[in-house]
>>> print(open('final_18.pdb').read())   # PDB, C-alpha atoms and all ligand atoms
ATOM      1  CA  MET A  29     -33.580 -87.460  36.117
ATOM      2  CA  LYS A  30     -36.658 -86.286  34.232
ATOM      3  CA  TYR A  31     -36.391 -83.169  32.080
ATOM      4  CA  ILE A  32     -38.871 -80.920  30.290
ATOM      5  CA  GLU A  33     -37.980 -79.550  26.863
ATOM      6  CA  VAL A  34     -39.562 -76.190  26.017
ATOM      7  CA  THR A  35     -39.468 -75.164  22.343
ATOM      8  CA  PHE A  36     -39.703 -71.390  21.819
ATOM      9  CA  THR A  37     -40.396 -69.728  18.478
ATOM     10  CA  MET A  38     -40.087 -66.032  17.653
ATOM     11  CA  ASP A  39     -40.148 -63.891  14.497
ATOM     12  CA  ASP A  40     -36.732 -62.273  15.056
ATOM     13  CA  THR A  41     -34.040 -64.341  16.761
ATOM     14  CA  GLY A  42     -31.287 -61.609  16.514
ATOM     15  CA  VAL A  43     -30.608 -60.253  19.980
ATOM     16  CA  PHE A  44     -33.867 -61.649  21.346
ATOM     17  CA  ARG A  45     -32.681 -65.236  21.617
ATOM     18  CA  ASP A  46     -29.761 -64.159  23.896
ATOM     19  CA  MET A  47     -32.218 -62.132  25.949
ATOM     20  CA  LEU A  48     -34.448 -65.180  26.397
ATOM     21  CA  VAL A  49     -31.497 -67.407  27.403
ATOM     22  CA  ASP A  50     -30.509 -64.772  29.967
ATOM     23  CA  THR A  51     -34.002 -64.682  31.493
ATOM     24  CA  LEU A  52     -34.503 -68.452  31.540
ATOM     25  CA  GLY A  53     -31.039 -69.218  32.926
ATOM     26  CA  ASN A  54     -30.568 -66.322  35.355
ATOM     27  CA  GLU A  55     -34.097 -65.660  36.572
ATOM     28  CA  GLY A  56     -35.358 -69.193  36.078
ATOM     29  CA  PRO A  57     -34.050 -72.734  36.643
ATOM     30  CA  TYR A  58     -33.284 -73.597  32.974
ATOM     31  CA  GLU A  59     -30.000 -75.474  32.648
ATOM     32  CA  SER A  60     -29.166 -75.813  28.967
ATOM     33  CA  PHE A  61     -30.135 -74.372  25.616
ATOM     34  CA  VAL A  62     -29.951 -75.306  21.951
ATOM     35  CA  GLU A  63     -30.408 -72.644  19.272
ATOM     36  CA  THR A  64     -32.873 -73.480  16.501
ATOM     37  CA  LYS A  65     -33.550 -71.712  13.168
ATOM     38  CA  ASP A  66     -36.527 -69.781  14.526
ATOM     39  CA  GLY A  67     -35.912 -69.779  18.259
ATOM     40  CA  LEU A  68     -34.598 -71.943  21.033
ATOM     41  CA  LYS A  69     -34.997 -75.212  22.894
ATOM     42  CA  ALA A  70     -34.527 -74.899  26.648
ATOM     43  CA  TYR A  71     -34.221 -77.685  29.213
ATOM     44  CA  VAL A  72     -35.310 -77.714  32.840
ATOM     45  CA  GLN A  73     -35.565 -80.475  35.449
ATOM     46  CA  ALA A  74     -39.188 -81.632  35.645
ATOM     47  CA  ALA A  75     -39.237 -80.941  39.402
ATOM     48  CA  GLU A  76     -38.290 -77.294  38.737
ATOM     49  CA  TYR A  77     -40.668 -76.705  35.819
ATOM     50  CA  ASP A  78     -43.099 -73.845  36.505
ATOM     51  CA  PRO A  79     -45.705 -72.984  33.822
ATOM     52  CA  ALA A  80     -46.447 -69.649  35.589
ATOM     53  CA  PHE A  81     -42.814 -68.536  35.138
ATOM     54  CA  LEU A  82     -43.025 -69.363  31.414
ATOM     55  CA  LYS A  83     -46.281 -67.471  31.041
ATOM     56  CA  ALA A  84     -44.837 -64.393  32.796
ATOM     57  CA  THR A  85     -41.659 -64.588  30.650
ATOM     58  CA  ALA A  86     -43.721 -64.692  27.443
ATOM     59  CA  GLN A  87     -45.912 -61.794  28.601
ATOM     60  CA  ALA A  88     -42.900 -59.614  29.438
ATOM     61  CA  PHE A  89     -41.023 -60.515  26.222
ATOM     62  CA  PRO A  90     -40.673 -57.648  23.713
ATOM     63  CA  LEU A  91     -41.865 -59.862  20.801
ATOM     64  CA  PRO A  92     -44.680 -62.399  20.495
ATOM     65  CA  LEU A  93     -43.182 -65.589  21.920
ATOM     66  CA  LYS A  94     -44.744 -68.998  21.271
ATOM     67  CA  TYR A  95     -43.711 -72.026  23.290
ATOM     68  CA  GLU A  96     -44.522 -75.650  23.746
ATOM     69  CA  ALA A  97     -43.364 -77.871  26.614
ATOM     70  CA  LYS A  98     -42.953 -81.638  26.504
ATOM     71  CA  GLU A  99     -41.617 -84.192  28.933
ATOM     72  CA  MET A 100     -38.499 -85.951  27.716
ATOM     73  CA  GLU A 101     -37.664 -89.584  27.821
ATOM     74  CA  ASP A 102     -35.434 -90.337  30.844
ATOM     75  CA  LYS A 103     -31.786 -90.903  29.854
ATOM     76  CA  ASP A 104     -28.285 -89.734  30.705
ATOM     77  CA  TRP A 105     -28.661 -86.083  29.695
ATOM     78  CA  ASN A 106     -25.123 -85.222  30.769
ATOM     79  CA  ALA A 107     -23.738 -87.700  28.260
ATOM     80  CA  GLU A 108     -26.157 -86.422  25.581
ATOM     81  CA  TRP A 109     -25.195 -82.798  26.268
ATOM     82  CA  GLU A 110     -21.482 -83.608  26.126
ATOM     83  CA  LYS A 111     -21.979 -85.151  22.683
ATOM     84  CA  ASN A 112     -23.450 -81.846  21.444
ATOM     85  CA  HIS A 113     -21.108 -79.420  23.219
ATOM     86  CA  GLU A 114     -18.325 -78.475  20.836
ATOM     87  CA  ALA A 115     -14.922 -77.038  21.670
ATOM     88  CA  ALA A 116     -14.229 -73.508  20.325
ATOM     89  CA  LEU A 117     -11.266 -72.427  18.249
ATOM     90  CA  VAL A 118     -10.723 -68.655  18.248
ATOM     91  CA  ARG A 119      -8.369 -67.221  15.624
ATOM     92  CA  THR A 120      -6.827 -63.990  16.901
ATOM     93  CA  GLY A 121      -4.386 -61.538  15.331
ATOM     94  CA  LYS A 122      -1.657 -63.357  17.322
ATOM     95  CA  GLY A 123      -2.340 -67.066  17.225
ATOM     96  CA  THR A 124      -5.121 -69.495  17.986
ATOM     97  CA  VAL A 125      -6.928 -70.070  21.281
ATOM     98  CA  TYR A 126      -8.597 -73.455  21.685
ATOM     99  CA  VAL A 127     -11.184 -73.568  24.465
ATOM    100  CA  ARG A 128     -12.317 -77.055  25.293
ATOM    101  CA  ALA A 129     -14.118 -79.049  27.978
ATOM    102  CA  PRO A 130     -12.208 -81.795  29.828
ATOM    103  CA  PHE A 131     -13.955 -84.423  27.680
ATOM    104  CA  HIS A 132     -12.699 -82.940  24.368
ATOM    105  CA  PRO A 133      -9.401 -84.124  22.869
ATOM    106  CA  HIS A 134      -6.167 -82.266  23.644
ATOM    107  CA  ARG A 135      -4.651 -80.438  20.624
ATOM    108  CA  THR A 136      -0.999 -79.651  19.964
ATOM    109  CA  ASP A 137      -1.517 -77.523  16.816
ATOM    110  CA  VAL A 138      -2.857 -74.460  18.679
ATOM    111  CA  ASP A 139      -1.069 -71.596  20.464
ATOM    112  CA  TYR A 140      -3.134 -71.682  23.661
ATOM    113  CA  GLU A 141      -5.335 -74.435  25.004
ATOM    114  CA  ILE A 142      -7.748 -73.593  27.813
ATOM    115  CA  ILE A 143      -9.835 -76.177  29.664
ATOM    116  CA  ILE A 144     -13.223 -74.926  30.814
ATOM    117  CA  GLU A 145     -15.598 -77.097  32.785
ATOM    118  CA  PRO A 146     -18.839 -76.102  31.027
ATOM    119  CA  LYS A 147     -21.384 -75.486  33.770
ATOM    120  CA  MET A 148     -23.830 -72.640  34.327
ATOM    121  CA  SER A 149     -21.324 -69.815  33.915
ATOM    122  CA  PHE A 150     -20.742 -67.712  30.809
ATOM    123  CA  GLY A 151     -17.407 -67.928  29.003
ATOM    124  CA  THR A 152     -16.871 -70.991  26.854
ATOM    125  CA  ALA A 153     -15.708 -68.812  23.902
ATOM    126  CA  HIS A 154     -18.764 -69.659  21.781
ATOM    127  CA  HIS A 155     -20.188 -66.170  22.296
ATOM    128  CA  PRO A 156     -18.789 -63.420  20.020
ATOM    129  CA  THR A 157     -18.031 -61.107  22.982
ATOM    130  CA  THR A 158     -15.823 -63.741  24.663
ATOM    131  CA  ALA A 159     -14.117 -64.512  21.340
ATOM    132  CA  MET A 160     -13.378 -60.805  20.690
ATOM    133  CA  MET A 161     -12.022 -60.334  24.221
ATOM    134  CA  LEU A 162      -9.848 -63.449  23.854
ATOM    135  CA  GLY A 163      -8.566 -61.737  20.694
ATOM    136  CA  TYR A 164      -7.564 -58.627  22.649
ATOM    137  CA  VAL A 165      -5.949 -60.630  25.456
ATOM    138  CA  ALA A 166      -3.971 -62.633  22.874
ATOM    139  CA  GLU A 167      -2.920 -59.563  20.863
ATOM    140  CA  LEU A 168      -2.006 -57.022  23.565
ATOM    141  CA  GLU A 169       1.107 -57.091  25.769
ATOM    142  CA  MET A 170       0.314 -59.068  28.956
ATOM    143  CA  ASN A 171       3.842 -59.895  30.075
ATOM    144  CA  GLY A 172       4.451 -58.664  33.638
ATOM    145  CA  LYS A 173       1.086 -56.832  33.701
ATOM    146  CA  ARG A 174      -1.388 -56.642  36.557
ATOM    147  CA  VAL A 175      -4.761 -57.614  35.093
ATOM    148  CA  LEU A 176      -8.291 -57.329  36.478
ATOM    149  CA  ASP A 177     -11.063 -59.434  34.861
ATOM    150  CA  MET A 178     -14.426 -58.002  36.021
ATOM    151  CA  GLY A 179     -17.353 -60.350  35.446
ATOM    152  CA  CYS A 180     -14.868 -63.167  34.947
ATOM    153  CA  GLY A 181     -17.535 -65.900  34.462
ATOM    154  CA  THR A 182     -15.594 -69.100  33.761
ATOM    155  CA  ALA A 183     -12.356 -66.999  34.058
ATOM    156  CA  VAL A 184     -11.457 -67.868  30.467
ATOM    157  CA  LEU A 185     -10.041 -64.350  29.836
ATOM    158  CA  ALA A 186      -8.145 -64.295  33.148
ATOM    159  CA  ILE A 187      -6.640 -67.710  32.381
ATOM    160  CA  LEU A 188      -5.421 -66.551  28.954
ATOM    161  CA  ALA A 189      -3.948 -63.356  30.485
ATOM    162  CA  LYS A 190      -2.005 -65.489  32.969
ATOM    163  CA  MET A 191      -0.864 -67.907  30.240
ATOM    164  CA  ARG A 192       0.415 -64.862  28.320
ATOM    165  CA  GLY A 193       2.682 -63.856  31.191
ATOM    166  CA  ALA A 194       0.622 -61.444  33.318
ATOM    167  CA  SER A 195       2.267 -61.177  36.747
ATOM    168  CA  TYR A 196      -0.976 -60.890  38.745
ATOM    169  CA  VAL A 197      -4.519 -61.623  37.575
ATOM    170  CA  GLU A 198      -7.620 -60.979  39.638
ATOM    171  CA  GLY A 199     -11.025 -62.305  38.530
ATOM    172  CA  VAL A 200     -14.183 -60.919  40.149
ATOM    173  CA  ASP A 201     -17.797 -61.973  39.623
ATOM    174  CA  VAL A 202     -21.084 -61.298  41.422
ATOM    175  CA  ASP A 203     -22.328 -64.801  40.774
ATOM    176  CA  GLU A 204     -21.537 -67.619  43.216
ATOM    177  CA  TRP A 205     -21.706 -70.271  40.447
ATOM    178  CA  ALA A 206     -19.259 -68.333  38.309
ATOM    179  CA  TYR A 207     -16.902 -67.833  41.243
ATOM    180  CA  ARG A 208     -16.849 -71.559  42.028
ATOM    181  CA  ASN A 209     -16.497 -72.503  38.361
ATOM    182  CA  ALA A 210     -13.660 -69.971  37.899
ATOM    183  CA  ARG A 211     -11.755 -71.584  40.797
ATOM    184  CA  GLU A 212     -12.232 -75.011  39.267
ATOM    185  CA  ASN A 213     -11.034 -73.780  35.849
ATOM    186  CA  ALA A 214      -7.948 -72.014  37.247
ATOM    187  CA  ALA A 215      -6.959 -75.306  38.884
ATOM    188  CA  ALA A 216      -7.684 -77.342  35.724
ATOM    189  CA  ASN A 217      -5.337 -75.055  33.754
ATOM    190  CA  GLY A 218      -2.666 -74.927  36.469
ATOM    191  CA  VAL A 219      -2.708 -71.111  36.650
ATOM    192  CA  ASP A 220      -2.578 -68.982  39.768
ATOM    193  CA  LEU A 221      -5.447 -66.452  39.810
ATOM    194  CA  THR A 222      -6.858 -64.369  42.648
ATOM    195  CA  LEU A 223     -10.618 -64.984  42.433
ATOM    196  CA  ARG A 224     -13.239 -63.108  44.396
ATOM    197  CA  LEU A 225     -16.989 -62.862  44.684
ATOM    198  CA  GLY A 226     -18.104 -59.207  44.465
ATOM    199  CA  ASP A 227     -18.933 -56.203  42.338
ATOM    200  CA  ALA A 228     -17.154 -52.953  41.435
ATOM    201  CA  THR A 229     -17.625 -51.523  44.950
ATOM    202  CA  THR A 230     -15.108 -54.124  46.208
ATOM    203  CA  LEU A 231     -12.260 -53.041  43.901
ATOM    204  CA  SER A 232      -8.937 -51.793  45.212
ATOM    205  CA  GLY A 233      -5.287 -51.668  44.094
ATOM    206  CA  THR A 234      -4.025 -50.689  40.645
ATOM    207  CA  PHE A 235      -4.018 -52.575  37.367
ATOM    208  CA  ASP A 236      -2.329 -52.152  33.983
ATOM    209  CA  VAL A 237      -5.236 -53.834  32.193
ATOM    210  CA  VAL A 238      -8.895 -53.968  33.227
ATOM    211  CA  ILE A 239     -11.163 -56.333  31.284
ATOM    212  CA  ALA A 240     -14.947 -56.248  31.599
ATOM    213  CA  ASN A 241     -17.304 -58.256  29.388
ATOM    214  CA  ILE A 242     -20.624 -57.641  31.171
ATOM    215  CA  ASN A 243     -23.422 -55.513  29.664
ATOM    216  CA  ARG A 244     -24.072 -51.915  28.605
ATOM    217  CA  ASN A 245     -25.806 -50.716  31.764
ATOM    218  CA  ILE A 246     -23.396 -52.265  34.250
ATOM    219  CA  LEU A 247     -20.399 -51.020  32.255
ATOM    220  CA  LEU A 248     -21.829 -47.471  32.170
ATOM    221  CA  ALA A 249     -22.592 -47.589  35.895
ATOM    222  CA  ASP A 250     -19.264 -49.109  36.981
ATOM    223  CA  MET A 251     -16.773 -47.636  34.480
ATOM    224  CA  GLU A 252     -15.744 -44.908  36.912
ATOM    225  CA  ARG A 253     -14.675 -47.568  39.433
ATOM    226  CA  TYR A 254     -12.748 -49.461  36.744
ATOM    227  CA  ALA A 255     -11.019 -46.220  35.717
ATOM    228  CA  ALA A 256     -10.127 -45.524  39.354
ATOM    229  CA  VAL A 257      -8.079 -48.753  39.648
ATOM    230  CA  LEU A 258      -6.514 -48.420  36.163
ATOM    231  CA  CYS A 259      -2.999 -46.928  36.126
ATOM    232  CA  GLN A 260      -2.145 -43.960  33.878
ATOM    233  CA  GLY A 261      -1.420 -45.333  30.371
ATOM    234  CA  GLY A 262      -3.358 -48.514  31.241
ATOM    235  CA  THR A 263      -5.856 -50.312  28.999
ATOM    236  CA  LEU A 264      -9.573 -50.870  29.587
ATOM    237  CA  LEU A 265     -11.158 -53.609  27.448
ATOM    238  CA  LEU A 266     -14.948 -53.606  27.324
ATOM    239  CA  SER A 267     -17.508 -55.893  25.731
ATOM    240  CA  GLY A 268     -20.992 -57.305  26.288
ATOM    241  CA  PHE A 269     -22.962 -54.678  24.315
ATOM    242  CA  TYR A 270     -24.179 -54.074  20.798
ATOM    243  CA  ARG A 271     -22.449 -51.960  18.179
ATOM    244  CA  ALA A 272     -25.258 -49.409  18.465
ATOM    245  CA  ASP A 273     -24.174 -48.747  22.080
ATOM    246  CA  GLU A 274     -20.512 -48.067  21.285
ATOM    247  CA  GLY A 275     -21.096 -44.279  21.227
ATOM    248  CA  ALA A 276     -22.525 -44.220  24.777
ATOM    249  CA  LEU A 277     -19.635 -46.266  26.167
ATOM    250  CA  ILE A 278     -16.960 -44.231  24.353
ATOM    251  CA  ALA A 279     -18.549 -40.967  25.556
ATOM    252  CA  LYS A 280     -18.503 -42.230  29.168
ATOM    253  CA  ALA A 281     -14.866 -43.336  28.790
ATOM    254  CA  ASN A 282     -13.927 -39.893  27.356
ATOM    255  CA  GLU A 283     -15.594 -38.207  30.339
ATOM    256  CA  LEU A 284     -13.381 -40.331  32.598
ATOM    257  CA  GLY A 285     -10.181 -39.361  30.728
ATOM    258  CA  MET A 286      -9.874 -42.426  28.472
ATOM    259  CA  THR A 287      -9.701 -42.505  24.673
ATOM    260  CA  LEU A 288     -10.561 -45.146  22.098
ATOM    261  CA  ALA A 289      -7.555 -47.106  20.790
ATOM    262  CA  SER A 290      -9.432 -49.707  18.689
ATOM    263  CA  ASN A 291     -12.652 -51.664  18.391
ATOM    264  CA  LYS A 292     -13.838 -55.042  17.150
ATOM    265  CA  ASN A 293     -17.285 -56.060  15.865
ATOM    266  CA  THR A 294     -18.802 -59.510  15.340
ATOM    267  CA  ASP A 295     -22.463 -60.333  14.598
ATOM    268  CA  GLY A 296     -23.646 -56.944  15.878
ATOM    269  CA  TRP A 297     -21.660 -57.220  19.131
ATOM    270  CA  SER A 298     -18.838 -54.841  20.003
ATOM    271  CA  ALA A 299     -15.562 -54.803  21.968
ATOM    272  CA  LEU A 300     -13.561 -51.652  22.760
ATOM    273  CA  GLU A 301      -9.906 -51.025  23.644
ATOM    274  CA  LEU A 302      -9.605 -47.769  25.623
ATOM    275  CA  ARG A 303      -6.464 -46.085  26.929
ATOM    276  CA  LYS A 304      -6.235 -43.969  30.080
TER     277      LYS A 304
HETATM  278  C1  LIG A 401     -21.057 -61.947  29.643
HETATM  279  S1  LIG A 401     -20.442 -62.801  31.041
HETATM  280  C2  LIG A 401     -18.693 -62.750  30.687
HETATM  281  C3  LIG A 401     -17.906 -63.931  31.184
HETATM  282  C4  LIG A 401     -16.452 -63.981  30.729
HETATM  283  N1  LIG A 401     -15.693 -62.875  31.252
HETATM  284  C5  LIG A 401     -16.388 -63.973  29.210
HETATM  285  O1  LIG A 401     -15.859 -63.020  28.654
HETATM  286  O2  LIG A 401     -16.866 -64.922  28.581
HETATM  287  C6  LIG A 401     -20.669 -61.576  32.281
HETATM  288  C7  LIG A 401     -20.307 -62.015  33.702
HETATM  289  O3  LIG A 401     -20.412 -60.856  34.532
HETATM  290  C8  LIG A 401     -20.978 -61.196  35.772
HETATM  291  N2  LIG A 401     -21.550 -59.959  36.326
HETATM  292  C9  LIG A 401     -22.779 -59.432  36.135
HETATM  293  N3  LIG A 401     -22.899 -58.261  36.770
HETATM  294  C10 LIG A 401     -21.705 -58.007  37.365
HETATM  295  C11 LIG A 401     -21.194 -56.940  38.149
HETATM  296  N4  LIG A 401     -21.941 -55.876  38.461
HETATM  297  N5  LIG A 401     -19.919 -57.003  38.580
HETATM  298  C12 LIG A 401     -19.168 -58.104  38.306
HETATM  299  N6  LIG A 401     -19.601 -59.145  37.574
HETATM  300  C13 LIG A 401     -20.841 -59.098  37.088
HETATM  301  C14 LIG A 401     -21.958 -62.298  35.437
HETATM  302  O4  LIG A 401     -22.219 -63.101  36.580
HETATM  303  C15 LIG A 401     -21.217 -63.047  34.321
HETATM  304  O5  LIG A 401     -20.442 -64.111  34.838
END
>>> encode(input="final_18.pdb", output="structure tokens")
Amino acid sequence: MKYIEVTFTMDDTGVFRDMLVDTLGNEGPYESFVETKDGLKAYVQAAEYDPAFLKATAQAFPLPLKYEAKEMEDKDWNAEWEKNHEAALVRTGKGTVYVRAPFHPHRTDVDYEIIIEPKMSFGTAHHPTTAMMLGYVAELEMNGKRVLDMGCGTAVLAILAKMRGASYVEGVDVDEWAYRNARENAAANGVDLTLRLGDATTLSGTFDVVIANINRNILLADMERYAAVLCQGGTLLLSGFYRADEGALIAKANELGMTLASNKNTDGWSALELRK
């Protein structure tokens, strides 16, 4: 299959590189990405390549964005990608979580090993928000708990909650790809999860722990629905936003009768533990 490689350069990679990946992958047909020192390389099937989409993306981007597209030599890109996709080892306050693809070697020197089929969905533990949330799921009591994972992506957090003894774990995502990938990953790890396609309007029941690693605006809009299914004394774990947005999320949680128990920060990203 023929692919096009587009090399993007920008003055400030910071949060802008993630923003670009989000646009190219979610609004466009780009399949894989490699971070570079001053930007990003993004890959799209030649048949799906649309110069007008790139032009519109660059025009709407908050910074000057330069890009150059070139056709790539035809070879087995899956095999190439696998060579460059590394497993992730997350060190938490209570043990290590090793998140690997099926083609990575099995390890016996870790506390939890999770197999994730790396496809289009988010949640391979390479992103700081996933790593911080894995930390919370590893550190907090999960035994016998009813857990909801909103925006489950690959279901990596739901799988760890189940491995840690949660009695019932529900994973919900609005994205069809994520839903299908989550089902595949639950099976690959031999854990029993209830997985559903949907958003916060579809929630019902009660949970001891609600996890949501999504983004600032969706968390602010949907927190009331999360709080409604969280039992008294239950824990809400939030991530997917920058440290600068912590205040807005904590204020919303306070309004809904929840208080901050702890927070984590990595590379400008934040995760919050809130108690109802
Ligand atoms: C940042 S990823 C997190 C994936 C995984 N939970 C993790 O921690 O790595 C956010 C996920 O939320 C999903 N999502 C976006 N908006 C949503 C919404 N309103 N309700 C539920 N899921 C949503 C996306 O499809 C995506 O899979």
>>> atom_distance(input="final_18.pdb", atom1="CA of Pro146 in chain A", atom2="CA of Tyr254 in chain A")
27.9 Å
>>> atom_distance(input="final_18.pdb", atom1="CA of Thr287 in chain A", atom2="CA of Met191 in chain A")
27.5 Å
>>> resolve_selection(input="final_18.pdb", expression="the PyMOL selection byres (((not hetatm)) within 8 of (chain A and resi 401))", output="mmCIF file with C-alpha atoms, keeping the file's coordinate frame")
data_model
loop_
_atom_site.group_PDB
_atom_site.id
_atom_site.type_symbol
_atom_site.label_atom_id
_atom_site.label_comp_id
_atom_site.auth_asym_id
_atom_site.auth_seq_id
_atom_site.Cartn_x
_atom_site.Cartn_y
_atom_site.Cartn_z
ATOM 1 C CA SER A 149 -21.324 -69.815 33.915
ATOM 2 C CA PHE A 150 -20.742 -67.712 30.809
ATOM 3 C CA GLY A 151 -17.407 -67.928 29.003
ATOM 4 C CA THR A 152 -16.871 -70.991 26.854
ATOM 5 C CA ALA A 153 -15.708 -68.812 23.902
ATOM 6 C CA HIS A 155 -20.188 -66.170 22.296
ATOM 7 C CA THR A 157 -18.031 -61.107 22.982
ATOM 8 C CA THR A 158 -15.823 -63.741 24.663
ATOM 9 C CA ALA A 159 -14.117 -64.512 21.340
ATOM 10 C CA MET A 161 -12.022 -60.334 24.221
ATOM 11 C CA LEU A 162 -9.848 -63.449 23.854
ATOM 12 C CA ASP A 177 -11.063 -59.434 34.861
ATOM 13 C CA MET A 178 -14.426 -58.002 36.021
ATOM 14 C CA GLY A 179 -17.353 -60.350 35.446
ATOM 15 C CA CYS A 180 -14.868 -63.167 34.947
ATOM 16 C CA GLY A 181 -17.535 -65.900 34.462
ATOM 17 C CA THR A 182 -15.594 -69.100 33.761
ATOM 18 C CA ALA A 183 -12.356 -66.999 34.058
ATOM 19 C CA VAL A 184 -11.457 -67.868 30.467
ATOM 20 C CA LEU A 185 -10.041 -64.350 29.836
ATOM 21 C CA ALA A 186 -8.145 -64.295 33.148
ATOM 22 C CA VAL A 200 -14.183 -60.919 40.149
ATOM 23 C CA ASP A 201 -17.797 -61.973 39.623
ATOM 24 C CA VAL A 202 -21.084 -61.298 41.422
ATOM 25 C CA ASP A 203 -22.328 -64.801 40.774
ATOM 26 C CA ALA A 206 -19.259 -68.333 38.309
ATOM 27 C CA GLY A 226 -18.104 -59.207 44.465
ATOM 28 C CA ASP A 227 -18.933 -56.203 42.338
ATOM 29 C CA ALA A 228 -17.154 -52.953 41.435
ATOM 30 C CA ILE A 239 -11.163 -56.333 31.284
ATOM 31 C CA ALA A 240 -14.947 -56.248 31.599
ATOM 32 C CA ASN A 241 -17.304 -58.256 29.388
ATOM 33 C CA ILE A 242 -20.624 -57.641 31.171
ATOM 34 C CA ASN A 243 -23.422 -55.513 29.664
ATOM 35 C CA ILE A 246 -23.396 -52.265 34.250
ATOM 36 C CA ASP A 250 -19.264 -49.109 36.981
ATOM 37 C CA SER A 267 -17.508 -55.893 25.731
ATOM 38 C CA GLY A 268 -20.992 -57.305 26.288
#
>>> resolve_selection(input="final_18.pdb", expression="the PyMOL selection byres (((chain A and resi 51-64) around 9) and not hetatm)", output="VMD selection string")
chain A and resid 35 to 37 45 to 50 65 to 73 76 to 77 81 to 82 85 109 147 to 148
>>> atom_distance(input="final_18.pdb", atom1="CA of Arg192 in chain A", atom2="CA of Asn171 in chain A")
6.3 Å
>>> closest_residue(input="final_18.pdb", among="A:Ala272, A:Ala299, A:Ala115, A:Leu91", to="Glu141 in chain A", atoms="only C-alpha atoms")
A:Ala115
>>> resolve_selection(input="final_18.pdb", expression="the PyMOL selection byres (((chain A and resi 292) around 12) and not hetatm)", output="PyMOL selection string")
chain A and resi 120-121+156-164+265-271+274+288-291+293-302
>>> closest_residue(input="final_18.pdb", among="A:Leu225, A:Ser195, A:Asn209, A:Val165", to="Gly123 in chain A", atoms="only C-alpha atoms")
A:Val165
>>> residues_near_point(input="final_18.pdb", point="(4.7, -60.1, 33.3)", cutoff="10 Å", atoms="only C-alpha atoms", output="count of residues only")
14
